[in-house]
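Report on the following structure.
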Amino acid sequence: MSRHELECGVIDNRAVTRDIFLLRLDAHELTLQARPGQFCMLEVGEYAYPLLKRPFSIHDVPDENEIEFIYRVAGKGTAMLSRKRAGDSIRVLGPLGNGFGWNQSRHPVLVGGGLGIAPMLFLARIISEKGLIKPVVILGARSSAELVSLEAFKAIDCRLCLATEDGSLGQKGFVTTLLQEIVGDSEADMVFSCGPMPMLKAVYEIAVKASVSCEVSLEAQMACGIGACLGCAVKSADRSSGQTGYLHVCKEGPVFDGADVSWN
Amino acid sequence: MSRHELECGVIDNRAVTRDIFLLRLDAHELTLQARPGQFCMLEVGEYAYPLLKRPFSIHDVPDENEIEFIYRVAGKGTAMLSRKRAGDSIRVLGPLGNGFGWNQSRHPVLVGGGLGIAPMLFLARIISEKGLIKPVVILGARSSAELVSLEAFKAIDCRLCLATEDGSLGQKGFVTTLLQEIVGDSEADMVFSCGPMPMLKAVYEIAVKASVSCEVSLEAQMACGIGACLGCAVKSADRSSGQTGYLHVCKEGPVFDGADVSWN
Amino acid sequence: MELIQQPDLSVNIAGLELANPVLLASGTCGYGAEVADLVGLSLYDSVPGGIVVKGISLKPRLGNPPPRLAETPCGLLNSIGLENVGVEVFLEQKLPWLRSVNTAVIVNILGNSVEEYAELASLLNVAGVDALEVNISCPNVREGGVAFGADPEMAARVTKAVRNASIKPVIIKLSPNVTDIAVIARACEEAGADALSLINTLLGMAVDIKKRRPVLANVFGGLSGPAVKPVALRMVWQASRAVNIPIIGIGGISSWQDAIEFFMAGAVAVEVGTAVMVRPSVVQEIVSGIGQFMEETGAFDVCSMRL
Amino acid sequence: MELIQQPDLSVNIAGLELANPVLLASGTCGYGAEVADLVGLSLYDSVPGGIVVKGISLKPRLGNPPPRLAETPCGLLNSIGLENVGVEVFLEQKLPWLRSVNTAVIVNILGNSVEEYAELASLLNVAGVDALEVNISCPNVREGGVAFGADPEMAARVTKAVRNASIKPVIIKLSPNVTDIAVIARACEEAGADALSLINTLLGMAVDIKKRRPVLANVFGGLSGPAVKPVALRMVWQASRAVNIPIIGIGGISSWQDAIEFFMAGAVAVEVGTAVMVRPSVVQEIVSGIGQFMEETGAFDVCSMRL
Ligand SMILES: Cc1cc2nc3c(=O)[nH]c(=O)nc-3n(C[C@H](O)[C@H](O)[C@H](O)COP(=O)(O)OP(=O)(O)OC[C@H]3O[C@@H](n4cnc5c(N)ncnc54)[C@H](O)[C@@H]3O)c2cc1C
Ligand SMILES: Cc1cc2nc3c(=O)[nH]c(=O)nc-3n(C[C@H](O)[C@H](O)[C@H](O)COP(=O)(O)OP(=O)(O)OC[C@H]3O[C@@H](n4cnc5c(N)ncnc54)[C@H](O)[C@@H]3O)c2cc1C
Ligand SMILES: Cc1cc2nc3c(=O)[nH]c(=O)nc-3n(C[C@H](O)[C@H](O)[C@H](O)COP(=O)(O)O)c2cc1C
Ligand SMILES: Cc1cc2nc3c(=O)[nH]c(=O)nc-3n(C[C@H](O)[C@H](O)[C@H](O)COP(=O)(O)O)c2cc1C
Ligand code: FES
Ligand code: FES
């Protein structure tokens, strides 16, 4: 574990759709440590308003100096973040969390829905570049505009499958339909997924049916991001009869074996 | 009384010394109402942090569209203000307060020390342009760098007398020395002053000795700026046996007859 | 075409008729005239549903020495000390203007003794005063003030005395500086309060480390603003479950969303204080926002939003 | 050349030796290992003067259901509900690591009854535990918790029981959710407390207006962070004038200036909670800043800053 609290310079922070932004930070201290599926806590305003840093998945580490995040303006904090400009600096704590267990898989299927696309780019890159495996990457969103970072995905050696709810790009419908097909007729041995809870649940159920193990990246309101406050609890599945009935997203996660999560 | 709560566009906001900034706002609604000595409350951050708007004297109204402020970065709020850039907007409440009674004077002497220079530019301009009188303007600061807006003062038809504590421009010493001389051998009938309390006290005492009436612009911590909270009280002189023993800077002031103020 | 029922923003609090549930809180809007142009108080169609004027005492008060204000993170400390013109001047010089404005006028009163409260109440049995708000919770005066609000028995005595002396709806304004708000709320209800309003300010302080002394000349002051909202909401929730009389929610409200939180917690109206001082236009935003939210969610009146 | 005396940052609180007066507050730093790298806990020369570990109970606790956190203006609501590993696991698995670190270790304890507090205290009469902090003020557990802290008699009973059972310095941690902090403080002093720490969190709540329910599954939570600092300072001022035992100040401290405010108000040490979670490096900043301020103002020790 080697994590840092740093001031990072903003290289660029620009809208890629009306309300989705790509943030590029100068953070070579973080790039060497970062693993796909990990996240960082970003200070979006001036301390103490808003009080808490916000968690964002590492979207990509294109080179050893730069770390990227992709975020939707969801509220006050992300609105403030969206006003940062090149030359500003942002306080960052990271990299945090466990990351995906991609190196246990020989035929990985990545499933990102909505802003759940965020961690999939870095994951696909590492699987392809470090694991020398060509992953299947299924991405979905409401419409083509929200299928962000497509060019970056295309530059990676992966099999890219797209779905949009309005049919404006790729298959019309949900990622789960694509996943169903792919898991059915491929040698997929693991699914890695990030997105809204209902999607993750559906993804997990498809994986279970296909007897493929499934890792999901969860969200929770966070305060510390480092396992100190126990605030980011989510219910664990009954079968995981460990010490507690809760999982802590920032520390034991954000990536969990779907079997450990309570899906109700 | 015609005051407004507005979003004003920032035309420019730049450092004129290391820690003094000139802020130019696009605010034609305010320019027509503004009187010299009045102030505005400026929202320096995002509501609710910092919670309160900050009071700043109207430095100048160069034309009917623009209003200027000059401020020192004194703490958190002014530091945030200093980061506003052209194109940003700032919420403004104003113009507020009473202003100087310049039209009761035929031979006015203006005395501004430190950032007390702020209201003197607009006052000098109006006296000269509206009153068709050439005022004496005494400005003082620690050093020449802090004698801000000199070019603007020079462009006004006034008699400009300067003092710096380090002698880097004008007379070495304090504005009070200059005032002493000028009040002594001129037909000065009123002094208008703004600056730190010890200076104002000295200015007032000089004026009293010379039997010249003296208006001073005071500061106090403010919340509302409009006479609603009664927070900005300062002690009044005993002789002003009005309803209360306090004056309210935002409403009865910020400009007071020196005789009404408690100088202890 | 769908028929959309306009939501009804009006509320009736024990006979106090409000066109909408957004009031200006006591001490933050003077006697109304100070803020009229900025918040929209006028002859017709005023923006706020009512105004609670600055706390009035029998005799004029000078208030506390300055400094009286200190800013804190998302909060404001004040130690005004109830500077006010006294009931006589209020009736002669302030009430006539208030009468001319189309909004409910609630007079906040503060006495040094139970008898003074009663005397104030009877002096205010005049046209143009729509209700009384009894301040048993001001932390900034030594005698009376917070002591009444901290003790259920004293709170009940004041309530009874004012209830007996007044022909107006009587709202008791509670202090948050207590161990159990429900106990005080019930004591006031049993003593005859028509409604409760809460919270007044939390007792706080700040230190000026450069000058090596408390920032406020009075040492302690009352904390208001967004910082106190979570405490206020909790107390409104507790009080509204402890009594059957209406609750007016106060504390840190700065947006229509904040107001809705209070309605959901159990308030039937809200008072906005600090936020109005900082951003007078917020009153209009809050009133409109509540209406829009009710329309969108199909709430037919304010009370129906309660959780 | 002037001879500048280095200020002495060390404090001794009833036998508890601290290298400096900045402690990590309970519940915001886990059992230490979670934050060690970021706050500078290490074998030699740790940055904080001490660590107060997460509240420990006799049996492990699962804590409250999520959501457990809500952000408020300059504040944080939490309803963790004292999730902890229990005293047995603490002694076996957490204390050994803490022993290896060069900082004072204070164990925060919470019982459901007076007897449980005493039992916890005696189980913690072991090497490596430098003091106990007795949490009679947690708002997030139903039995015990806040009830003990709200009543002077109960507070005294817990204090006495722990004092008798423990061979360590006993710090009683007070709740701010009381009418008169001085009364509780005196009750604890008389019952044998070696020191007091305050404040724990203010009871608060937030409402999710979209989901139409309280944000926290537990409805209420404890408010911490800069928002509560004015209340905390006021209570430290009051408590330090009510008793003769040392006071540890807690509540919203986020900078060295905040810490100095607490020293001036009467604290001899401070705990930093929420700010450490958000900005772990703040601990170093606070420790350095205090030293520099003391040097510049010629304060020879922390106590001498008291107003
Ligand atoms: C591990 C993790 C990774 C994430 N990665 C991304 C990402 O790559 N891109 C992206 O756009 N978003 C991501 N999110 C969600 C993101 O953190 C929230 O959208 C953001 O915090 C909202 O902040 P706000 O101030 O704009 O919203 P507000 O609604 O104003 O926030 C209020 C509070 O809610 C919290 N909050 C709101 N929504 C969420 C949420 N979904 N999860 C956690 N906290 C929330 C905020 O931290 C804040 O304290 C991630 C969340 C987690 C937990
Ligand atoms: C009528 C009036 C006119 C003013 N005109 C000018 C001007 O033209 N140029 C200029 O540089 N300054 C002026 N000031 C002072 C200016 O308002 C303060 O410097 C500023 O508010 C400091 O804010 P801050 O957040 O940077 O400082 P902080 O110290 O962080 O502020 C903390 C709190 O103190 C208040 N405060 C601090 N100093 C003062 C002060 N001197 N007066 C009133 N409140 C204060 C702030 O409003 C804030 O609430 C004026 C003050 C008044 C009352
Ligand atoms: C400057 C100021 C003066 C106040 N004066 C009074 C008063 O006279 N009587 C009263 O009952 N409450 C008074 N209050 C309390 C407010 O009415 C209100 O209860 C409190 O500020 C919380 O609401 P807010 O957070 O919206 O300001 C005052 C508050 C402030 C900030
Ligand atoms: C997430 C969280 C967990 C806490 N857990 C405990 C606890 O277990 N025992 C305790 O005595 N106080 C606990 N507290 C209270 C803090 O120790 C501290 O008293 C309070 O947060 C105020 O300080 P702050 O504003 O610096 O955070 C907790 C606070 C937070 C925010
Ligand atoms: S956010 Fe603090 S433990 Fe996870
Ligand atoms: S600042 Fe409110 S009355 Fe002057």
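To be explicit about the labels: the chains of the structure tokens are called A, B, and onward in the order shown, and within each one the residues are counted from 1, while ligands get numbers from 1 in the order they are shown.
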Residues within 7 Å of stretch 217-224 of chain B, only C-alpha atoms, excluding chain neighbours under 4 positions, as a PDB file with C-alpha atoms, in the first residue's frame:
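Writing the result to selection_35.pdb gives the following:
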ATOM      1  CA  LEU B  52     -21.212  36.509   4.553  1.00  0.00           C
ATOM      2  CA  SER B 193     -11.538  60.939   5.569  1.00  0.00           C
ATOM      3  CA  CYS B 194     -11.194  57.191   5.368  1.00  0.00           C
ATOM      4  CA  ALA B 228     -31.562  44.655   9.358  1.00  0.00           C
ATOM      5  CA  CYS B 229     -29.370  42.808  11.850  1.00  0.00           C
ATOM      6  CA  GLY B 231     -24.611  43.790  14.000  1.00  0.00           C
ATOM      7  CA  CYS B 232     -22.373  46.602  12.785  1.00  0.00           C
ATOM      8  CA  VAL B 249     -22.138  51.556  10.261  1.00  0.00           C
ATOM      9  CA  PRO B 254     -20.399  54.267   6.918  1.00  0.00           C
ATOM     10  CA  VAL B 255     -19.791  58.031   6.897  1.00  0.00           C
ATOM     11  CA  PHE B 256     -20.252  59.811  10.217  1.00  0.00           C
TER      12      PHE B 256
ATOM     13  CA  LEU C  69     -20.751  39.504  14.909  1.00  0.00           C
ATOM     14  CA  MET C 277     -29.585  38.848   5.326  1.00  0.00           C
ATOM     15  CA  VAL C 278     -26.942  37.491   3.012  1.00  0.00           C
TER      16      VAL C 278
END
So which residues are near ligand 2, meaning at most 6 Å away with only C-alpha atoms and all ligand atoms counted, given back as a PyMOL selection string? (chain B and resi 39+52+54-57+70-79+115+118+219-222+254) or (chain C and resi 71)
Do a neighbour search on A:Glu29 at 12 Å with only C-alpha atoms, toss out local chain neighbours closer than 5 positions, and write the hits as number ranges by chain. A: 2-8, 34, 61, 63-67, 92-95
Any chance you can output those residues with N, CA, C and O atoms as a PDB file, in the first residue's frame?
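The resulting selection-v4.pdb:
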ATOM      1  N   SER A   2       0.786   1.989  -1.069  1.00  0.00           N
ATOM      2  CA  SER A   2       1.508   3.252  -1.078  1.00  0.00           C
ATOM      3  C   SER A   2       0.593   4.307  -1.652  1.00  0.00           C
ATOM      4  O   SER A   2       0.355   4.366  -2.843  1.00  0.00           O
ATOM      5  N   ARG A   3       0.085   5.105  -0.777  1.00  0.00           N
ATOM      6  CA  ARG A   3      -0.879   6.102  -1.208  1.00  0.00           C
ATOM      7  C   ARG A   3      -0.376   7.455  -0.763  1.00  0.00           C
ATOM      8  O   ARG A   3       0.483   7.557   0.124  1.00  0.00           O
ATOM      9  N   HIS A   4      -0.907   8.488  -1.367  1.00  0.00           N
ATOM     10  CA  HIS A   4      -0.375   9.820  -1.130  1.00  0.00           C
ATOM     11  C   HIS A   4      -1.481  10.844  -0.981  1.00  0.00           C
ATOM     12  O   HIS A   4      -2.566  10.669  -1.518  1.00  0.00           O
ATOM     13  N   GLU A   5      -1.155  11.912  -0.266  1.00  0.00           N
ATOM     14  CA  GLU A   5      -2.004  13.094  -0.254  1.00  0.00           C
ATOM     15  C   GLU A   5      -1.189  14.178  -0.940  1.00  0.00           C
ATOM     16  O   GLU A   5      -0.117  14.547  -0.470  1.00  0.00           O
ATOM     17  N   LEU A   6      -1.704  14.674  -2.052  1.00  0.00           N
ATOM     18  CA  LEU A   6      -0.919  15.531  -2.932  1.00  0.00           C
ATOM     19  C   LEU A   6      -1.735  16.710  -3.435  1.00  0.00           C
ATOM     20  O   LEU A   6      -2.951  16.638  -3.519  1.00  0.00           O
ATOM     21  N   GLU A   7      -1.027  17.759  -3.812  1.00  0.00           N
ATOM     22  CA  GLU A   7      -1.621  18.803  -4.647  1.00  0.00           C
ATOM     23  C   GLU A   7      -1.250  18.469  -6.083  1.00  0.00           C
ATOM     24  O   GLU A   7      -0.061  18.404  -6.408  1.00  0.00           O
ATOM     25  N   CYS A   8      -2.223  18.265  -6.940  1.00  0.00           N
ATOM     26  CA  CYS A   8      -1.920  17.940  -8.334  1.00  0.00           C
ATOM     27  C   CYS A   8      -2.364  19.069  -9.251  1.00  0.00           C
ATOM     28  O   CYS A   8      -3.457  19.610  -9.097  1.00  0.00           O
ATOM     29  N   ALA A  34      -1.050   3.161  -9.159  1.00  0.00           N
ATOM     30  CA  ALA A  34      -2.473   2.955  -9.448  1.00  0.00           C
ATOM     31  C   ALA A  34      -2.755   1.612 -10.108  1.00  0.00           C
ATOM     32  O   ALA A  34      -2.037   1.190 -11.023  1.00  0.00           O
ATOM     33  N   VAL A  61      -4.600   5.918 -16.973  1.00  0.00           N
ATOM     34  CA  VAL A  61      -3.253   6.400 -16.679  1.00  0.00           C
ATOM     35  C   VAL A  61      -2.503   6.302 -17.996  1.00  0.00           C
ATOM     36  O   VAL A  61      -1.837   5.311 -18.277  1.00  0.00           O
ATOM     37  N   ASP A  63       0.030   7.815 -19.290  1.00  0.00           N
ATOM     38  CA  ASP A  63       1.486   7.698 -19.204  1.00  0.00           C
ATOM     39  C   ASP A  63       1.900   7.883 -17.755  1.00  0.00           C
ATOM     40  O   ASP A  63       1.059   8.045 -16.881  1.00  0.00           O
ATOM     41  N   GLU A  64       3.180   7.888 -17.489  1.00  0.00           N
ATOM     42  CA  GLU A  64       3.619   7.865 -16.095  1.00  0.00           C
ATOM     43  C   GLU A  64       3.416   9.196 -15.363  1.00  0.00           C
ATOM     44  O   GLU A  64       3.660   9.277 -14.164  1.00  0.00           O
ATOM     45  N   ASN A  65       2.991  10.221 -16.091  1.00  0.00           N
ATOM     46  CA  ASN A  65       2.810  11.516 -15.435  1.00  0.00           C
ATOM     47  C   ASN A  65       1.359  11.883 -15.208  1.00  0.00           C
ATOM     48  O   ASN A  65       1.066  12.762 -14.403  1.00  0.00           O
ATOM     49  N   GLU A  66       0.468  11.244 -15.923  1.00  0.00           N
ATOM     50  CA  GLU A  66      -0.877  11.764 -15.989  1.00  0.00           C
ATOM     51  C   GLU A  66      -1.893  10.747 -15.487  1.00  0.00           C
ATOM     52  O   GLU A  66      -1.780   9.553 -15.747  1.00  0.00           O
ATOM     53  N   ILE A  67      -2.884  11.273 -14.800  1.00  0.00           N
ATOM     54  CA  ILE A  67      -3.960  10.415 -14.330  1.00  0.00           C
ATOM     55  C   ILE A  67      -5.265  11.088 -14.742  1.00  0.00           C
ATOM     56  O   ILE A  67      -5.386  12.313 -14.686  1.00  0.00           O
ATOM     57  N   VAL A  92      -5.485  15.724  -3.846  1.00  0.00           N
ATOM     58  CA  VAL A  92      -5.871  14.353  -4.185  1.00  0.00           C
ATOM     59  C   VAL A  92      -5.333  13.397  -3.125  1.00  0.00           C
ATOM     60  O   VAL A  92      -4.206  13.539  -2.656  1.00  0.00           O
ATOM     61  N   LEU A  93      -6.161  12.445  -2.750  1.00  0.00           N
ATOM     62  CA  LEU A  93      -5.728  11.360  -1.873  1.00  0.00           C
ATOM     63  C   LEU A  93      -5.911  10.072  -2.657  1.00  0.00           C
ATOM     64  O   LEU A  93      -7.017   9.775  -3.119  1.00  0.00           O
ATOM     65  N   GLY A  94      -4.820   9.323  -2.830  1.00  0.00           N
ATOM     66  CA  GLY A  94      -4.967   8.096  -3.591  1.00  0.00           C
ATOM     67  C   GLY A  94      -3.623   7.471  -3.899  1.00  0.00           C
ATOM     68  O   GLY A  94      -2.595   7.981  -3.461  1.00  0.00           O
ATOM     69  N   PRO A  95      -3.582   6.395  -4.643  1.00  0.00           N
ATOM     70  CA  PRO A  95      -4.765   5.631  -5.056  1.00  0.00           C
ATOM     71  C   PRO A  95      -5.313   4.802  -3.900  1.00  0.00           C
ATOM     72  O   PRO A  95      -4.569   4.359  -3.050  1.00  0.00           O
TER      73      PRO A  95
END
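If you look at atom CA of D:Leu203 and atom CA of C:Cys303, they are 24.8 Å away from each other.
Atom to atom, atom CA of C:Met264 and atom CA of C:Asn135 stand 24.7 Å apart.
Excluding B:Asn264 itself and any same-chain residue fewer than 5 positions from it, the protein and nucleic acid residues within 10 Å of it, counting only C-alpha atoms, are B:Lys201, B:Lys235, B:Ala237.
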Backbone DSSP call of helix (DSSP H, G or I) for stretch 4-121 of chain D, listed as a PyMOL selection string: chain D and resi 36-39+86-100+114-121
Keeping only N, CA and C atoms, write the selected residues as an mmCIF file, in the first residue's frame.
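Here's the written file result.cif:
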data_model
loop_
_atom_site.group_PDB
_atom_site.id
_atom_site.type_symbol
_atom_site.label_atom_id
_atom_site.label_comp_id
_atom_site.auth_asym_id
_atom_site.auth_seq_id
_atom_site.Cartn_x
_atom_site.Cartn_y
_atom_site.Cartn_z
ATOM 1 N N ALA D 36 -1.909 5.346 9.455
ATOM 2 C CA ALA D 36 -0.534 5.553 9.909
ATOM 3 C C ALA D 36 0.341 6.278 8.895
ATOM 4 N N ASP D 37 0.349 5.792 7.665
ATOM 5 C CA ASP D 37 1.228 6.388 6.658
ATOM 6 C C ASP D 37 0.865 7.836 6.371
ATOM 7 N N LEU D 38 -0.430 8.151 6.430
ATOM 8 C CA LEU D 38 -0.868 9.488 6.011
ATOM 9 C C LEU D 38 -0.747 10.539 7.122
ATOM 10 N N VAL D 39 -0.875 10.123 8.379
ATOM 11 C CA VAL D 39 -0.773 11.112 9.461
ATOM 12 C C VAL D 39 0.600 11.078 10.130
ATOM 13 N N GLY D 86 -14.718 -5.214 19.211
ATOM 14 C CA GLY D 86 -14.848 -5.747 20.568
ATOM 15 C C GLY D 86 -13.502 -5.762 21.263
ATOM 16 N N VAL D 87 -13.544 -5.747 22.602
ATOM 17 C CA VAL D 87 -12.311 -5.546 23.360
ATOM 18 C C VAL D 87 -11.336 -6.710 23.190
ATOM 19 N N GLU D 88 -11.860 -7.926 23.025
ATOM 20 C CA GLU D 88 -10.980 -9.083 22.919
ATOM 21 C C GLU D 88 -10.104 -8.992 21.670
ATOM 22 N N VAL D 89 -10.771 -8.806 20.543
ATOM 23 C CA VAL D 89 -10.026 -8.687 19.284
ATOM 24 C C VAL D 89 -9.124 -7.465 19.323
ATOM 25 N N PHE D 90 -9.603 -6.401 19.950
ATOM 26 C CA PHE D 90 -8.760 -5.210 20.048
ATOM 27 C C PHE D 90 -7.453 -5.550 20.744
ATOM 28 N N LEU D 91 -7.542 -6.226 21.876
ATOM 29 C CA LEU D 91 -6.333 -6.545 22.643
ATOM 30 C C LEU D 91 -5.410 -7.485 21.875
ATOM 31 N N GLU D 92 -6.031 -8.428 21.177
ATOM 32 C CA GLU D 92 -5.220 -9.421 20.473
ATOM 33 C C GLU D 92 -4.642 -8.911 19.159
ATOM 34 N N GLN D 93 -5.486 -8.201 18.413
ATOM 35 C CA GLN D 93 -5.078 -7.893 17.033
ATOM 36 C C GLN D 93 -4.708 -6.442 16.784
ATOM 37 N N LYS D 94 -5.237 -5.526 17.576
ATOM 38 C CA LYS D 94 -4.996 -4.111 17.270
ATOM 39 C C LYS D 94 -3.943 -3.497 18.188
ATOM 40 N N LEU D 95 -3.988 -3.871 19.481
ATOM 41 C CA LEU D 95 -3.092 -3.226 20.432
ATOM 42 C C LEU D 95 -1.610 -3.490 20.152
ATOM 43 N N PRO D 96 -1.245 -4.723 19.738
ATOM 44 C CA PRO D 96 0.183 -4.962 19.482
ATOM 45 C C PRO D 96 0.776 -3.958 18.488
ATOM 46 N N TRP D 97 0.051 -3.687 17.424
ATOM 47 C CA TRP D 97 0.563 -2.709 16.457
ATOM 48 C C TRP D 97 0.659 -1.323 17.103
ATOM 49 N N LEU D 98 -0.371 -0.967 17.837
ATOM 50 C CA LEU D 98 -0.369 0.346 18.483
ATOM 51 C C LEU D 98 0.806 0.482 19.447
ATOM 52 N N ARG D 99 1.124 -0.607 20.131
ATOM 53 C CA ARG D 99 2.251 -0.593 21.067
ATOM 54 C C ARG D 99 3.549 -0.294 20.354
ATOM 55 N N SER D 100 3.631 -0.747 19.112
ATOM 56 C CA SER D 100 4.887 -0.593 18.368
ATOM 57 C C SER D 100 5.101 0.842 17.903
ATOM 58 N N VAL D 114 -23.312 0.489 33.516
ATOM 59 C CA VAL D 114 -22.190 0.897 34.352
ATOM 60 C C VAL D 114 -21.221 -0.269 34.523
ATOM 61 N N GLU D 115 -21.774 -1.462 34.697
ATOM 62 C CA GLU D 115 -20.932 -2.632 34.911
ATOM 63 C C GLU D 115 -20.055 -2.909 33.688
ATOM 64 N N GLU D 116 -20.655 -2.751 32.507
ATOM 65 C CA GLU D 116 -19.870 -2.992 31.291
ATOM 66 C C GLU D 116 -18.702 -2.019 31.176
ATOM 67 N N TYR D 117 -18.965 -0.746 31.506
ATOM 68 C CA TYR D 117 -17.867 0.232 31.474
ATOM 69 C C TYR D 117 -16.734 -0.229 32.399
ATOM 70 N N ALA D 118 -17.117 -0.679 33.619
ATOM 71 C CA ALA D 118 -16.102 -1.090 34.585
ATOM 72 C C ALA D 118 -15.346 -2.309 34.079
ATOM 73 N N GLU D 119 -16.077 -3.241 33.488
ATOM 74 C CA GLU D 119 -15.423 -4.444 32.990
ATOM 75 C C GLU D 119 -14.434 -4.111 31.872
ATOM 76 N N LEU D 120 -14.870 -3.243 30.959
ATOM 77 C CA LEU D 120 -13.975 -2.798 29.889
ATOM 78 C C LEU D 120 -12.716 -2.175 30.474
ATOM 79 N N ALA D 121 -12.925 -1.321 31.476
ATOM 80 C CA ALA D 121 -11.783 -0.630 32.075
ATOM 81 C C ALA D 121 -10.799 -1.631 32.656
#
Hey, which bits of chain C sit within 12 Å of chain A, and for each residue what's the closest pair of atoms and how far apart in Å (one decimal), counting only C-alpha atoms, rows by chain and increasing number, as a Markdown table?
| residue | atom | partner | partner_atom | distance |
| --- | --- | --- | --- | --- |
| C:Thr72 | CA | A:Ala48 | CA | 11.0 |
| C:Pro73 | CA | A:Ala48 | CA | 7.5 |
| C:Cys74 | CA | A:Tyr49 | CA | 8.3 |
| C:Pro226 | CA | A:Tyr49 | CA | 11.5 |
| C:Ala227 | CA | A:Tyr49 | CA | 11.1 |
As a PyMOL selection string, please: all residues of stretch 4-180 of chain A that backbone DSSP puts in strand (DSSP E). chain A and resi 4-15+20-26+39-42+54-57+60-63+66-72+89-96+108-113+136-141+159-164+171-172
Would you kindly report the residues of chain C within 8 Å of chain D, using only C-alpha atoms, as an mmCIF file with C-alpha atoms, in the first residue's frame?
data_model
loop_
_atom_site.group_PDB
_atom_site.id
_atom_site.type_symbol
_atom_site.label_atom_id
_atom_site.label_comp_id
_atom_site.auth_asym_id
_atom_site.auth_seq_id
_atom_site.Cartn_x
_atom_site.Cartn_y
_atom_site.Cartn_z
ATOM 1 C CA THR C 72 -17.773 30.886 11.447
ATOM 2 C CA PRO C 73 -17.697 28.026 8.924
ATOM 3 C CA CYS C 74 -21.124 28.231 7.242
ATOM 4 C CA GLY C 75 -22.358 30.026 10.329
ATOM 5 C CA ALA C 150 -34.066 25.869 29.251
ATOM 6 C CA ASN C 177 -29.594 24.603 23.990
ATOM 7 C CA VAL C 178 -31.425 21.925 25.916
ATOM 8 C CA THR C 179 -30.988 18.246 26.625
ATOM 9 C CA ASP C 180 -34.473 17.236 25.534
ATOM 10 C CA LEU C 202 -27.129 27.634 19.362
ATOM 11 C CA LEU C 203 -24.900 29.137 22.008
ATOM 12 C CA GLY C 204 -21.363 29.431 20.675
ATOM 13 C CA MET C 205 -18.193 31.455 20.755
ATOM 14 C CA ALA C 206 -15.096 32.338 18.781
ATOM 15 C CA VAL C 207 -11.646 33.455 19.887
ATOM 16 C CA ASP C 208 -9.525 36.123 18.225
ATOM 17 C CA ILE C 209 -6.112 34.548 18.591
ATOM 18 C CA ARG C 212 -6.061 37.184 22.567
ATOM 19 C CA ARG C 213 -9.701 37.597 23.508
ATOM 20 C CA PHE C 220 -20.836 34.120 23.837
ATOM 21 C CA LEU C 223 -24.932 30.552 16.128
ATOM 22 C CA PRO C 226 -26.456 26.605 7.351
ATOM 23 C CA ALA C 227 -24.088 25.143 9.971
ATOM 24 C CA VAL C 228 -26.996 24.617 12.401
ATOM 25 C CA PRO C 230 -28.905 19.483 10.908
ATOM 26 C CA VAL C 231 -29.529 20.270 14.578
ATOM 27 C CA ALA C 232 -32.612 22.324 13.752
ATOM 28 C CA LEU C 233 -34.077 19.599 11.550
ATOM 29 C CA ARG C 234 -33.530 16.990 14.223
ATOM 30 C CA MET C 235 -35.283 19.136 16.821
ATOM 31 C CA GLN C 257 -34.790 22.282 -0.768
ATOM 32 C CA ILE C 260 -38.850 21.001 2.021
ATOM 33 C CA GLU C 261 -36.568 19.110 4.391
ATOM 34 C CA MET C 264 -40.842 16.582 5.666
ATOM 35 C CA ALA C 265 -39.431 16.630 9.195
ATOM 36 C CA LEU C 307 -42.895 11.969 6.438
#
In Å, rounded to a single decimal, give me how far atom 49 (O, counted along the ligand's line) of ligand 1 is from atom CA of D:Thr274. 13.2 Å
Find the residues near stretch 157-171 of chain B: any atom within 6 Å, counting only C-alpha atoms, skip ones fewer than 6 places away on the same chain, and give them as a VMD selection string. chain B and resid 134 to 144
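The shell of residues at most 6 Å from C:Glu133, with only C-alpha atoms counted and near chain neighbours (fewer than 2 positions) removed, consists of Val107, Asn108, Ile171 and Ile172 of chain C.
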Polymer residues at most 10 Å from A:Thr17, only C-alpha atoms, same-chain spacing of 6 or more positions, as a list of chain:residue names: A:Arg72, A:Ala145, A:Glu146, A:Leu147, A:Val148
